[in-house]
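Heads up, target.txt below (compact mmCIF, C-alpha atoms (C1' of nucleotides)):
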```txt
# COMPACT_ATOMS: atom_id res chain seq x y z
CA MET O 241 0.00 0.00 0.00
CA LYS O 242 1.41 3.34 -1.09
CA GLY O 243 1.57 6.08 1.52
CA SER O 244 -1.18 8.64 1.57
CA ARG O 245 1.21 11.49 1.02
CA LEU O 246 2.49 10.03 -2.22
CA THR O 247 -1.04 9.24 -3.36
CA ILE O 248 -1.98 12.85 -2.81
CA VAL O 249 1.03 14.23 -4.64
CA ASP O 250 0.38 11.93 -7.58
CA ALA O 251 -3.22 13.05 -7.82
CA ALA O 252 -2.16 16.67 -7.46
CA ARG O 253 0.36 16.35 -10.28
CA ARG O 254 -2.18 14.81 -12.60
CA HIS O 255 -4.92 17.27 -11.69
CA ILE O 256 -2.68 20.31 -11.95
CA TYR O 257 -1.42 19.11 -15.29
CA HIS O 258 -4.89 18.47 -16.65
CA ASN O 259 -6.75 21.43 -15.14
CA GLY O 260 -4.14 23.94 -14.05
CA TYR O 261 -3.09 25.02 -10.58
CA GLY O 262 -5.82 27.61 -10.15
CA SER O 263 -8.50 25.08 -10.97
CA THR O 264 -7.19 22.50 -8.55
CA SER O 265 -8.94 22.50 -5.18
CA TYR O 266 -8.59 20.48 -2.01
CA ALA O 267 -12.02 19.07 -2.77
CA ASP O 268 -10.80 17.86 -6.16
CA ILE O 269 -7.82 16.04 -4.69
CA ALA O 270 -9.97 14.59 -1.91
CA HIS O 271 -12.49 13.27 -4.40
CA GLU O 272 -9.82 11.91 -6.71
CA THR O 273 -7.91 10.08 -4.00
CA GLY O 274 -10.92 8.94 -1.98
CA LEU O 275 -9.37 10.54 1.08
CA GLY O 276 -10.97 13.07 3.36
CA LYS O 277 -10.46 16.74 2.71
CA GLY O 278 -9.07 17.29 6.18
CA ASN O 279 -6.51 14.57 5.62
CA ILE O 280 -5.06 16.36 2.65
CA GLN O 281 -4.86 19.54 4.68
CA TYR O 282 -3.02 17.62 7.33
CA HIS O 283 -0.29 16.66 4.87
CA PHE O 284 -0.28 19.99 3.05
CA LYS O 285 -1.35 22.85 5.26
CA ALA O 286 -1.47 25.42 2.45
CA LYS O 287 -2.31 24.96 -1.19
CA GLU O 288 1.11 26.27 -2.15
CA ASP O 289 2.68 23.35 -0.31
CA LEU O 290 0.76 21.00 -2.56
CA LEU O 291 2.19 22.66 -5.64
CA HIS O 292 5.70 22.66 -4.23
CA ALA O 293 5.43 18.95 -3.50
CA ALA O 294 4.09 18.22 -6.97
CA VAL O 295 6.87 20.22 -8.61
CA ASP O 296 9.48 18.62 -6.37
CA GLN O 297 8.42 15.16 -7.41
CA GLN O 298 8.39 16.12 -11.05
CA ILE O 299 11.88 17.57 -10.68
CA GLN O 300 12.93 14.28 -9.17
CA ASP O 301 11.47 12.38 -12.13
CA ILE O 302 13.23 14.65 -14.58
CA ARG O 303 16.53 14.19 -12.77
CA GLU O 304 16.25 10.41 -12.97
CA GLN O 305 15.19 10.59 -16.58
CA LEU O 306 18.15 12.72 -17.58
CA GLU O 307 20.56 10.53 -15.61
CA SER O 308 19.25 7.43 -17.31
CA TRP O 309 19.61 9.07 -20.71
CA SER O 310 23.16 10.08 -19.93
CA LEU O 311 24.00 6.47 -19.09
CA ASP O 312 22.08 4.79 -21.90
CA CYS O 313 23.20 6.93 -24.78
CA GLY O 314 26.62 6.63 -26.29
CA THR O 315 27.22 9.96 -27.95
CA ALA O 316 25.99 13.41 -27.02
CA TYR O 317 24.16 13.37 -30.32
CA ASP O 318 22.19 10.31 -29.21
CA CYS O 319 21.41 12.00 -25.90
CA ILE O 320 19.90 15.03 -27.59
CA GLU O 321 17.99 12.84 -29.97
CA ARG O 322 16.60 11.04 -26.95
CA PHE O 323 15.15 14.34 -25.79
CA ILE O 324 13.49 14.83 -29.17
CA ALA O 325 12.18 11.27 -29.03
CA MET O 326 10.57 11.99 -25.67
CA VAL O 327 8.80 15.04 -27.05
CA GLU O 328 7.52 13.00 -29.98
CA LYS O 329 6.45 10.10 -27.79
CA ASN O 330 4.39 12.46 -25.63
CA ALA O 331 2.73 14.06 -28.65
CA LYS O 332 -0.74 12.88 -27.67
CA ASN O 333 -0.58 14.21 -24.11
CA LEU O 334 1.02 17.45 -25.26
CA SER O 335 -1.85 18.04 -27.66
CA LEU O 336 -4.42 17.23 -25.00
CA HIS O 337 -3.00 19.13 -22.04
CA GLY O 338 0.05 21.04 -23.21
CA CYS O 339 3.51 20.68 -21.73
CA PRO O 340 3.52 20.10 -17.96
CA MET O 341 6.42 22.52 -17.57
CA GLY O 342 5.37 25.11 -20.08
CA SER O 343 1.71 25.40 -19.19
CA LEU O 344 2.41 25.50 -15.46
CA ASN O 345 5.02 28.22 -15.91
CA SER O 346 2.67 30.17 -18.14
CA GLU O 347 -0.08 30.04 -15.56
CA LEU O 348 2.08 30.84 -12.55
CA GLY O 349 3.90 33.60 -14.41
CA LYS O 350 0.63 35.50 -14.66
CA HIS O 351 -0.05 36.03 -10.99
CA GLU O 352 1.99 33.71 -8.82
CA ARG O 353 5.52 34.77 -9.61
CA ARG O 354 6.82 33.42 -6.31
CA LEU O 355 5.60 29.93 -7.12
CA GLN O 356 6.90 30.22 -10.66
CA ASP O 357 10.42 30.50 -9.32
CA HIS O 358 10.11 26.89 -8.28
CA ALA O 359 8.40 25.65 -11.44
CA ARG O 360 11.09 27.26 -13.56
CA ALA O 361 13.62 24.86 -12.06
CA MET O 362 12.22 22.16 -14.36
CA PHE O 363 13.24 24.20 -17.37
CA ASP O 364 16.65 24.73 -15.87
CA LEU O 365 17.23 21.01 -15.56
CA TYR O 366 16.52 20.29 -19.19
CA LEU O 367 18.33 23.36 -20.46
CA ARG O 368 21.51 22.74 -18.48
CA TRP O 369 21.50 19.08 -19.45
CA LEU O 370 21.04 19.89 -23.13
CA GLU O 371 23.70 22.57 -22.96
CA ALA O 372 26.15 20.08 -21.45
CA ARG O 373 25.52 17.66 -24.35
CA PHE O 374 25.96 20.34 -26.97
CA ARG O 375 29.24 21.29 -25.36
CA SER O 376 30.64 17.96 -26.54
CA PHE O 377 30.99 19.45 -29.98
CA LEU O 378 30.30 23.17 -29.57
CA PRO O 379 31.84 26.06 -27.62
CA ARG O 380 30.00 27.18 -24.50
CA LYS O 381 28.22 30.18 -25.98
CA GLN O 382 26.93 28.24 -28.96
CA ALA O 383 25.94 25.24 -26.86
CA GLN O 384 23.83 27.51 -24.70
CA ALA O 385 22.17 29.00 -27.75
CA ARG O 386 21.42 25.60 -29.28
CA ALA O 387 19.92 24.25 -26.08
CA GLU O 388 17.68 27.29 -25.85
CA GLN O 389 16.68 26.94 -29.46
CA LEU O 390 15.74 23.31 -29.10
CA MET O 391 13.66 24.04 -26.01
CA VAL O 392 11.95 26.88 -27.85
CA MET O 393 10.95 24.50 -30.63
CA ALA O 394 9.64 21.93 -28.16
CA GLN O 395 7.61 24.50 -26.25
CA GLY O 396 6.26 26.14 -29.37
CA ALA O 397 5.20 22.76 -30.73
CA SER O 398 3.40 22.03 -27.47
CA VAL O 399 1.54 25.33 -27.47
CA LEU O 400 0.35 24.97 -31.04
CA ALA O 401 -0.52 21.30 -30.69
CA HIS O 402 -2.48 22.08 -27.55
CA ALA O 403 -4.27 24.99 -29.21
CA TYR O 404 -5.34 22.81 -32.14
CA GLU O 405 -5.60 19.59 -30.13
CA GLU O 406 -3.55 18.11 -32.94
CA SER O 407 -0.71 15.77 -32.02
CA GLN O 408 0.55 15.72 -35.58
CA ILE O 409 1.97 19.19 -35.05
CA VAL O 410 4.34 17.79 -32.44
CA ARG O 411 5.35 14.94 -34.74
CA ARG O 412 6.03 17.29 -37.62
CA GLN O 413 8.15 19.53 -35.40
CA ALA O 414 10.04 16.54 -34.02
CA LYS O 415 11.06 15.68 -37.56
CA ILE O 416 12.25 19.25 -38.06
CA MET O 417 14.17 19.13 -34.78
CA ARG O 418 15.97 15.99 -35.93
CA GLN O 419 16.95 17.60 -39.21
CA TRP O 420 18.05 20.68 -37.32
CA LEU O 421 20.14 18.62 -34.93
CA HIS O 422 21.77 16.85 -37.85
CA ASP O 423 22.65 20.17 -39.48
CA VAL O 424 24.00 21.61 -36.25
CA CYS O 425 26.31 18.63 -35.89
CA ASP O 426 27.43 18.85 -39.49
CA GLN O 427 28.43 22.47 -39.16
CA SER O 428 30.71 21.78 -36.23
CA MET K 205 -16.30 60.13 -24.28
CA LYS K 206 -15.81 56.48 -25.27
CA GLY K 207 -18.78 54.19 -24.82
CA SER K 208 -18.95 52.11 -21.67
CA ARG K 209 -19.01 48.90 -23.59
CA LEU K 210 -15.70 49.60 -25.30
CA THR K 211 -14.17 50.75 -22.02
CA ILE K 212 -15.15 47.45 -20.46
CA VAL K 213 -13.80 45.34 -23.30
CA ASP K 214 -10.49 47.21 -23.23
CA ALA K 215 -10.14 46.64 -19.50
CA ALA K 216 -11.11 43.00 -19.92
CA ARG K 217 -8.50 42.47 -22.63
CA ARG K 218 -5.78 43.97 -20.51
CA HIS K 219 -6.80 42.15 -17.36
CA ILE K 220 -7.22 38.80 -19.08
CA TYR K 221 -3.83 39.21 -20.73
CA HIS K 222 -2.11 40.15 -17.48
CA ASN K 223 -3.89 37.80 -15.09
CA GLY K 224 -5.57 35.14 -17.17
CA TYR K 225 -9.24 34.50 -17.82
CA GLY K 226 -9.83 32.45 -14.69
CA SER K 227 -8.41 35.19 -12.50
CA THR K 228 -10.50 37.91 -14.08
CA SER K 229 -13.67 38.73 -12.16
CA TYR K 230 -16.52 41.16 -12.65
CA ALA K 231 -15.26 42.95 -9.55
CA ASP K 232 -11.85 43.38 -11.16
CA ILE K 233 -13.28 44.95 -14.29
CA ALA K 234 -15.62 47.14 -12.25
CA HIS K 235 -12.75 48.40 -10.13
CA GLU K 236 -10.50 48.96 -13.13
CA THR K 237 -13.07 50.89 -15.14
CA GLY K 238 -14.63 52.76 -12.24
CA LEU K 239 -18.03 51.46 -13.31
CA GLY K 240 -20.50 49.60 -11.16
CA LYS K 241 -20.42 45.84 -11.09
CA GLY K 242 -24.04 45.59 -12.19
CA ASN K 243 -23.33 47.77 -15.19
CA ILE K 244 -20.77 45.35 -16.52
CA GLN K 245 -23.25 42.56 -16.07
CA TYR K 246 -25.76 44.56 -18.04
CA HIS K 247 -23.45 44.70 -21.04
CA PHE K 248 -22.13 41.16 -20.61
CA LYS K 249 -24.65 38.88 -18.95
CA ALA K 250 -22.27 35.96 -18.60
CA LYS K 251 -18.54 35.95 -18.05
CA GLU K 252 -18.08 33.98 -21.26
CA ASP K 253 -19.59 36.90 -23.18
CA LEU K 254 -16.85 39.12 -21.81
CA LEU K 255 -14.18 36.78 -23.12
CA HIS K 256 -15.86 36.47 -26.50
CA ALA K 257 -16.01 40.25 -26.80
CA ALA K 258 -12.36 40.61 -25.81
CA VAL K 259 -11.27 37.96 -28.31
CA ASP K 260 -13.46 39.48 -31.02
CA GLN K 261 -11.81 42.85 -30.60
CA GLN K 262 -8.37 41.31 -30.61
CA ILE K 263 -9.24 39.43 -33.80
CA GLN K 264 -10.30 42.73 -35.29
CA ASP K 265 -6.97 44.29 -34.34
CA ILE K 266 -5.05 41.41 -35.84
CA ARG K 267 -7.04 41.65 -39.07
CA GLU K 268 -6.23 45.34 -39.43
CA GLN K 269 -2.60 44.72 -38.55
CA LEU K 270 -2.21 42.02 -41.17
CA GLU K 271 -3.99 44.09 -43.80
CA SER K 272 -1.72 47.04 -43.12
CA TRP K 273 1.33 44.81 -43.40
CA SER K 274 0.12 43.41 -46.68
CA LEU K 275 -0.19 46.92 -48.08
CA ASP K 276 3.00 48.38 -46.64
CA CYS K 277 5.41 45.64 -47.54
CA GLY K 278 6.64 45.15 -51.04
CA THR K 279 7.69 41.53 -51.19
CA ALA K 280 6.36 38.51 -49.34
CA TYR K 281 9.76 38.28 -47.72
CA ASP K 282 9.31 41.76 -46.24
CA CYS K 283 5.85 40.80 -44.99
CA ILE K 284 7.15 37.81 -43.10
CA GLU K 285 10.00 39.84 -41.72
CA ARG K 286 7.42 42.31 -40.47
CA PHE K 287 5.87 39.53 -38.44
CA ILE K 288 9.25 38.75 -36.90
CA ALA K 289 9.79 42.44 -36.20
CA MET K 290 6.49 42.55 -34.31
CA VAL K 291 7.53 39.64 -32.12
CA GLU K 292 10.83 41.34 -31.37
CA LYS K 293 9.21 44.68 -30.68
CA ASN K 294 6.91 43.07 -28.14
CA ALA K 295 9.75 41.27 -26.40
CA LYS K 296 9.25 43.12 -23.13
CA ASN K 297 5.54 42.40 -22.87
CA LEU K 298 6.03 38.81 -23.96
CA SER K 299 8.54 38.28 -21.19
CA LEU K 300 6.26 39.90 -18.62
CA HIS K 301 2.93 38.31 -19.54
CA GLY K 302 3.53 35.78 -22.28
CA CYS K 303 1.86 35.85 -25.68
CA PRO K 304 -1.77 37.05 -25.57
CA MET K 305 -2.76 34.30 -28.00
CA GLY K 306 -0.61 31.53 -26.67
CA SER K 307 -1.22 31.95 -22.98
CA LEU K 308 -4.97 32.36 -23.44
CA ASN K 309 -5.17 29.25 -25.58
CA SER K 310 -3.07 27.34 -23.07
CA GLU K 311 -5.37 28.31 -20.23
CA LEU K 312 -8.64 27.69 -22.05
CA GLY K 313 -7.37 24.42 -23.48
CA LYS K 314 -7.16 23.03 -19.96
CA HIS K 315 -10.80 23.22 -19.01
CA GLU K 316 -12.75 25.52 -21.30
CA ARG K 317 -12.42 23.83 -24.65
CA ARG K 318 -15.57 25.50 -25.96
CA LEU K 319 -14.12 28.95 -25.37
CA GLN K 320 -10.78 27.88 -26.79
CA ASP K 321 -12.44 27.28 -30.15
CA HIS K 322 -12.88 31.01 -30.38
CA ALA K 323 -9.45 31.96 -29.08
CA ARG K 324 -7.83 29.63 -31.57
CA ALA K 325 -9.14 31.82 -34.39
CA MET K 326 -6.36 34.29 -33.58
CA PHE K 327 -3.78 31.65 -34.42
CA ASP K 328 -5.63 30.85 -37.61
CA LEU K 329 -5.42 34.43 -38.78
CA TYR K 330 -1.66 34.64 -38.40
CA LEU K 331 -1.03 31.15 -39.75
CA ARG K 332 -3.14 31.59 -42.86
CA TRP K 333 -1.63 34.99 -43.53
CA LEU K 334 1.92 33.66 -43.15
CA GLU K 335 1.11 30.67 -45.31
CA ALA K 336 -0.18 32.95 -48.06
CA ARG K 337 3.10 34.92 -48.00
CA PHE K 338 5.23 31.80 -48.14
CA ARG K 339 3.22 30.64 -51.12
CA SER K 340 4.79 33.44 -53.11
CA PHE K 341 7.92 31.36 -53.41
CA LEU K 342 6.98 27.90 -52.09
CA PRO K 343 4.48 25.19 -53.00
CA ARG K 344 1.38 24.89 -50.82
CA LYS K 345 2.51 22.02 -48.63
CA GLN K 346 5.87 23.62 -47.87
CA ALA K 347 4.33 27.04 -47.30
CA GLN K 348 2.01 25.52 -44.71
CA ALA K 349 4.93 23.82 -42.99
CA ARG K 350 7.04 26.99 -42.92
CA ALA K 351 4.22 29.08 -41.48
CA GLU K 352 3.70 26.52 -38.75
CA GLN K 353 7.40 26.40 -38.02
CA LEU K 354 7.68 30.15 -37.69
CA MET K 355 4.71 30.29 -35.35
CA VAL K 356 6.21 27.47 -33.30
CA MET K 357 9.39 29.48 -32.86
CA ALA K 358 7.49 32.60 -31.87
CA GLN K 359 5.37 30.74 -29.33
CA GLY K 360 8.30 28.84 -27.90
CA ALA K 361 10.24 32.05 -27.49
CA SER K 362 7.31 33.60 -25.66
CA VAL K 363 6.94 30.67 -23.27
CA LEU K 364 10.62 30.61 -22.36
CA ALA K 365 10.91 34.38 -22.11
CA HIS K 366 7.86 34.45 -19.87
CA ALA K 367 9.18 31.62 -17.71
CA TYR K 368 12.49 33.41 -17.18
CA GLU K 369 11.04 36.92 -17.36
CA GLU K 370 13.86 37.59 -19.76
CA SER K 371 13.08 39.57 -22.91
CA GLN K 372 16.51 38.82 -24.37
CA ILE K 373 15.32 35.31 -25.15
CA VAL K 374 12.78 36.75 -27.58
CA ARG K 375 15.41 38.97 -29.17
CA ARG K 376 17.82 36.10 -29.61
CA GLN K 377 15.12 33.97 -31.19
CA ALA K 378 14.05 36.80 -33.49
CA LYS K 379 17.59 36.89 -34.82
CA ILE K 380 17.44 33.15 -35.42
CA MET K 381 14.08 33.52 -37.15
CA ARG K 382 15.54 36.09 -39.53
CA GLN K 383 18.44 33.83 -40.41
CA TRP K 384 16.01 30.97 -40.86
CA LEU K 385 13.80 33.04 -43.14
CA HIS K 386 16.81 34.03 -45.19
CA ASP K 387 17.84 30.38 -45.58
CA VAL K 388 14.32 29.31 -46.50
CA CYS K 389 14.24 31.91 -49.27
CA ASP K 390 17.66 30.92 -50.52
CA GLN K 391 16.68 27.28 -50.88
CA SER K 392 13.72 28.07 -53.08
C1' DG P 61 -42.64 68.12 -21.26
C1' DA P 62 -44.39 63.37 -20.73
C1' DT P 63 -43.46 58.74 -21.69
C1' DA P 64 -40.74 54.96 -22.89
C1' DA P 65 -36.39 52.78 -23.36
C1' DT P 66 -31.78 52.36 -22.07
C1' DT P 67 -28.09 52.63 -18.94
C1' DT P 68 -26.20 52.45 -14.30
C1' DT P 69 -25.94 51.07 -9.62
C1' DG P 70 -26.22 48.39 -5.39
C1' DT P 71 -27.44 44.45 -3.15
C1' DA P 72 -28.68 39.67 -2.39
C1' DC P 73 -28.03 34.75 -3.06
C1' DG P 74 -26.25 30.17 -3.65
C1' DA P 75 -22.02 27.91 -4.66
C1' DT P 76 -17.17 27.21 -4.07
C1' DT P 77 -12.84 28.35 -2.25
C1' DG P 78 -8.71 27.96 1.21
C1' DT P 79 -8.07 27.52 5.84
C1' DA P 80 -8.95 26.41 10.83
C1' DC P 81 -10.57 23.50 14.12
C1' DT P 82 -12.32 19.44 16.74
C1' DA P 83 -13.30 14.71 17.15
C1' DT P 84 -12.26 10.04 15.94
C1' DT P 85 -9.37 6.29 14.49
C1' DA P 86 -4.86 4.02 13.72
C1' DT P 87 -0.18 3.49 14.78
C1' DT P 88 3.81 3.68 17.47
C1' DT P 89 6.31 3.90 21.81
C1' DT P 90 7.06 2.82 26.41
C1' DA M 158 -1.79 -2.86 28.03
C1' DA M 159 -1.35 2.18 28.52
C1' DA M 160 0.01 6.38 26.84
C1' DA M 161 1.36 9.22 23.26
C1' DT M 162 1.75 10.42 18.64
C1' DA M 163 0.27 10.43 13.90
C1' DA M 164 -3.30 10.09 10.62
C1' DT M 165 -7.99 10.66 8.96
C1' DA M 166 -12.42 12.65 8.65
C1' DG M 167 -15.95 16.00 9.06
C1' DT M 168 -17.48 20.54 9.83
C1' DA M 169 -17.40 25.56 10.36
C1' DC M 170 -16.06 30.05 8.66
C1' DA M 171 -14.92 34.14 6.17
C1' DA M 172 -14.01 35.49 1.57
C1' DT M 173 -14.88 35.52 -3.24
C1' DC M 174 -17.12 34.12 -7.20
C1' DG M 175 -20.84 34.43 -11.10
C1' DT M 176 -25.36 35.53 -11.48
C1' DA M 177 -30.05 37.58 -10.61
C1' DC M 178 -32.73 41.30 -9.60
C1' DA M 179 -34.86 45.72 -8.33
C1' DA M 180 -34.47 50.55 -7.90
C1' DA M 181 -32.55 54.86 -9.61
C1' DA M 182 -30.70 57.76 -13.16
C1' DT M 183 -30.02 58.94 -17.80
C1' DT M 184 -31.19 59.30 -22.55
C1' DA M 185 -34.20 58.94 -26.41
C1' DT M 186 -38.78 59.33 -28.54
C1' DC M 187 -42.99 61.32 -29.35
```
Serialized structure, structure tokens:
Amino acid sequence: MKGSRLTIVDAARRHIYHNGYGSTSYADIAHETGLGKGNIQYHFKAKEDLLHAAVDQQIQDIREQLESWSLDCGTAYDCIERFIAMVEKNAKNLSLHGCPMGSLNSELGKHERRLQDHARAMFDLYLRWLEARFRSFLPRKQAQARAEQLMVMAQGASVLAHAYEESQIVRRQAKIMRQWLHDVCDQS
Amino acid sequence: MKGSRLTIVDAARRHIYHNGYGSTSYADIAHETGLGKGNIQYHFKAKEDLLHAAVDQQIQDIREQLESWSLDCGTAYDCIERFIAMVEKNAKNLSLHGCPMGSLNSELGKHERRLQDHARAMFDLYLRWLEARFRSFLPRKQAQARAEQLMVMAQGASVLAHAYEESQIVRRQAKIMRQWLHDVCDQS
DNA sequence: GATAATTTTGTACGATTGTACTATTATTTT
DNA sequence: AAAATAATAGTACAATCGTACAAAATTATC
């Protein structure tokens, strides 16, 4: 039996991803987990705590994911391609609910800047990891720029796919990202 | 003296852009316009009507903007560059509040799909206009793809710039877009 | 100028929200 | 087993929300 706290955080992550932070209430989480509302308050006194816990766990997941990629993949090129493959694999969810990082940051950036500071850390993880891979065959300044550019493409694809509820947009952009990555490597 | 209705829609547009649709209340608009709360309800019976009116006016603005660009610019290349110039010019606002189209679509896509249908029309305007320009020197299928790609870059830049509250991200990406546009033209 | 229509305002209401609090049950510690 | 701590549930409360409605003020129409 999984601990209540973890059950709550899992439900919170899913609900925040699907409905947004502002549209996630204690009642929602209580209903979704089958637990009492007071119980959830016991584990997370304020609503902000719930978000912090959800983001923390997602950060943890991202860390493990990136570590596993670093180990699995031979070349830096393969590593970066693995990132693109992840985007493509998640095309359906991205078109249905947007990017978990991007949409949360967009929402929090509007009127919860303090909370956004935490959510932004997810971007940092991917960006620094990508930059490190690009540095295998590019100088620091260029590696930084390429990492940013790749993340821009991934986020833009998510926004458009979500707006049109059309996963094909993500797949088309993934193809473009691969071609772009190939060209970037060629030039170096 | 500007009509009350227009005053309300203007305030609604600004407030929705800055705070999001979910965090925009009748009380907010009343306070911002100095009008009574009941008055706003008189002009817009339901909150959805307020959003529809705000989106309608924004669509109108976009239409006029695109028409003016079509007239001003000589070549299709110049037209597309004008689009990039607009993104760059709005870098500060994009970093502070995100893209008015993108962030609204992201929010509505989460749990107001019916309203998103309307908001998506803003994307359609830009995409179809861009596609038409690209068709000056590209076949239909490729023109469609290029328009989508450019919009992806613009939206991605907005998301990242908003997440980091860093307008330089938009400016860097605008530079990349210009280079990209140049290359696309060269290849044709 | 009287009458009708429109515009504006203020308030009231039911629903939902985050939070606080108490009581009850389960688990651990001694 | 007894005591203490942690966990769970239910309820209460003030605040805010969208909406409904009635009265007052303004403008238009004849």
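CA of Lys287 in chain O is positioned 8.1 Å from CA of Ser265 in chain O.
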Report task. May I have the residues of chain O within 10 Å of chain P, counting only C-alpha atoms (C1' of nucleotides), written as an NGL selection string? Result -> :O and (265-267 or 281 or 285-287)
**Report entry** 7 Å contact set for range 165-175 of chain M, all atoms listed in the file, chain neighbours under 5 positions out, as a ChimeraX atom specification
**Finding:** /O:276,278-279
Requested in this report: Give me the residues within 12 Å of Ala367 in chain K as a count of residues only, counting all atoms listed in the file and dropping any in the same chain fewer than 6 places off.
Outcome: 36
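Residue nearest Gln389 in chain O within the list O:Asp318, O:Glu371, O:Glu288, O:Asp312: O:Glu371 [criterion: smallest interatomic distance, all atoms listed in the file].
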I need the chain O residues near chain M as a CSV table (one decimal) with C-alpha atoms, in the coordinates of the input; criterion: at most 12 Å, counting only C-alpha atoms (C1' of nucleotides).
```
chain,number,residue,atom,x,y,z
O,243,GLY,CA,1.6,6.1,1.5
O,244,SER,CA,-1.2,8.6,1.6
O,245,ARG,CA,1.2,11.5,1.0
O,270,ALA,CA,-10.0,14.6,-1.9
O,274,GLY,CA,-10.9,8.9,-2.0
O,275,LEU,CA,-9.4,10.5,1.1
O,276,GLY,CA,-11.0,13.1,3.4
O,277,LYS,CA,-10.5,16.7,2.7
O,278,GLY,CA,-9.1,17.3,6.2
O,279,ASN,CA,-6.5,14.6,5.6
O,280,ILE,CA,-5.1,16.4,2.6
O,281,GLN,CA,-4.9,19.5,4.7
O,282,TYR,CA,-3.0,17.6,7.3
O,283,HIS,CA,-0.3,16.7,4.9
```
Query raised in the report: What is the CA of Asp250 in chain O-CA of His402 in chain O distance in Å, reported with one decimal?
Result: 22.6 Å
Query - Close residues, Gln382 in chain O itself excluded, 12 Å, all atoms listed in the file, min 2 positions apart in chain, as a ChimeraX atom specification - result: /O:370-380,384-389,424-425,427-428
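CA of Met417 in chain O sits 8.5 Å away from CA of Ala394 in chain O.
Distances here use all atoms listed in the file; by that measure, the residue among O:Cys319, O:Ala401, O:Ala325, O:Leu421 closest to chain K is O:Ala401.
Every protein or nucleic acid residue with an atom no more than 10 Å from Arg382 in chain K, counting all atoms listed in the file and leaving out same-chain residues fewer than 3 positions away, appears here: Ile284, Glu285, Ile288, Ala289, Gln377, Ala378, Lys379, Leu385, His386, Asp387 and Val388 of chain K.
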Keeping C-alpha atoms for every residue in the selection just given, could you write it to a file as a short mmCIF file (atom, residue, chain, number, x, y, z; two decimals), in the coordinates of the input?
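And here's out-v5.cif as it stands now:
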```cif
data_model
loop_
_atom_site.label_atom_id
_atom_site.label_comp_id
_atom_site.auth_asym_id
_atom_site.auth_seq_id
_atom_site.Cartn_x
_atom_site.Cartn_y
_atom_site.Cartn_z
CA ILE K 284 7.15 37.81 -43.10
CA GLU K 285 10.00 39.84 -41.72
CA ILE K 288 9.25 38.75 -36.90
CA ALA K 289 9.79 42.44 -36.20
CA GLN K 377 15.12 33.97 -31.19
CA ALA K 378 14.05 36.80 -33.49
CA LYS K 379 17.59 36.89 -34.82
CA LEU K 385 13.80 33.04 -43.14
CA HIS K 386 16.81 34.03 -45.19
CA ASP K 387 17.84 30.38 -45.58
CA VAL K 388 14.32 29.31 -46.50
#
```
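Those residues positioned at most 6 Å from (-7.4, 19.8, -16.7) are O:His258, O:Asn259, O:Gly260, K:Lys314, K:His315, judged using all atoms listed in the file.
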File for range 161-182 of chain M (C-alpha atoms (C1' of nucleotides)), as an mmCIF file, in the first residue's frame:
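Saved result, part-v4.cif, follows:
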```cif
data_model
loop_
_atom_site.group_PDB
_atom_site.id
_atom_site.type_symbol
_atom_site.label_atom_id
_atom_site.label_comp_id
_atom_site.auth_asym_id
_atom_site.auth_seq_id
_atom_site.Cartn_x
_atom_site.Cartn_y
_atom_site.Cartn_z
ATOM 1 C "C1'" DA M 161 1.357 9.223 23.260
ATOM 2 C "C1'" DT M 162 1.748 10.420 18.639
ATOM 3 C "C1'" DA M 163 0.268 10.432 13.897
ATOM 4 C "C1'" DA M 164 -3.300 10.086 10.617
ATOM 5 C "C1'" DT M 165 -7.990 10.665 8.964
ATOM 6 C "C1'" DA M 166 -12.420 12.654 8.647
ATOM 7 C "C1'" DG M 167 -15.946 15.997 9.062
ATOM 8 C "C1'" DT M 168 -17.475 20.540 9.828
ATOM 9 C "C1'" DA M 169 -17.396 25.560 10.363
ATOM 10 C "C1'" DC M 170 -16.058 30.048 8.663
ATOM 11 C "C1'" DA M 171 -14.924 34.145 6.168
ATOM 12 C "C1'" DA M 172 -14.013 35.489 1.571
ATOM 13 C "C1'" DT M 173 -14.877 35.523 -3.245
ATOM 14 C "C1'" DC M 174 -17.124 34.124 -7.205
ATOM 15 C "C1'" DG M 175 -20.840 34.427 -11.102
ATOM 16 C "C1'" DT M 176 -25.359 35.530 -11.481
ATOM 17 C "C1'" DA M 177 -30.052 37.583 -10.614
ATOM 18 C "C1'" DC M 178 -32.731 41.296 -9.599
ATOM 19 C "C1'" DA M 179 -34.863 45.721 -8.331
ATOM 20 C "C1'" DA M 180 -34.469 50.548 -7.898
ATOM 21 C "C1'" DA M 181 -32.554 54.863 -9.613
ATOM 22 C "C1'" DA M 182 -30.698 57.760 -13.160
#
```
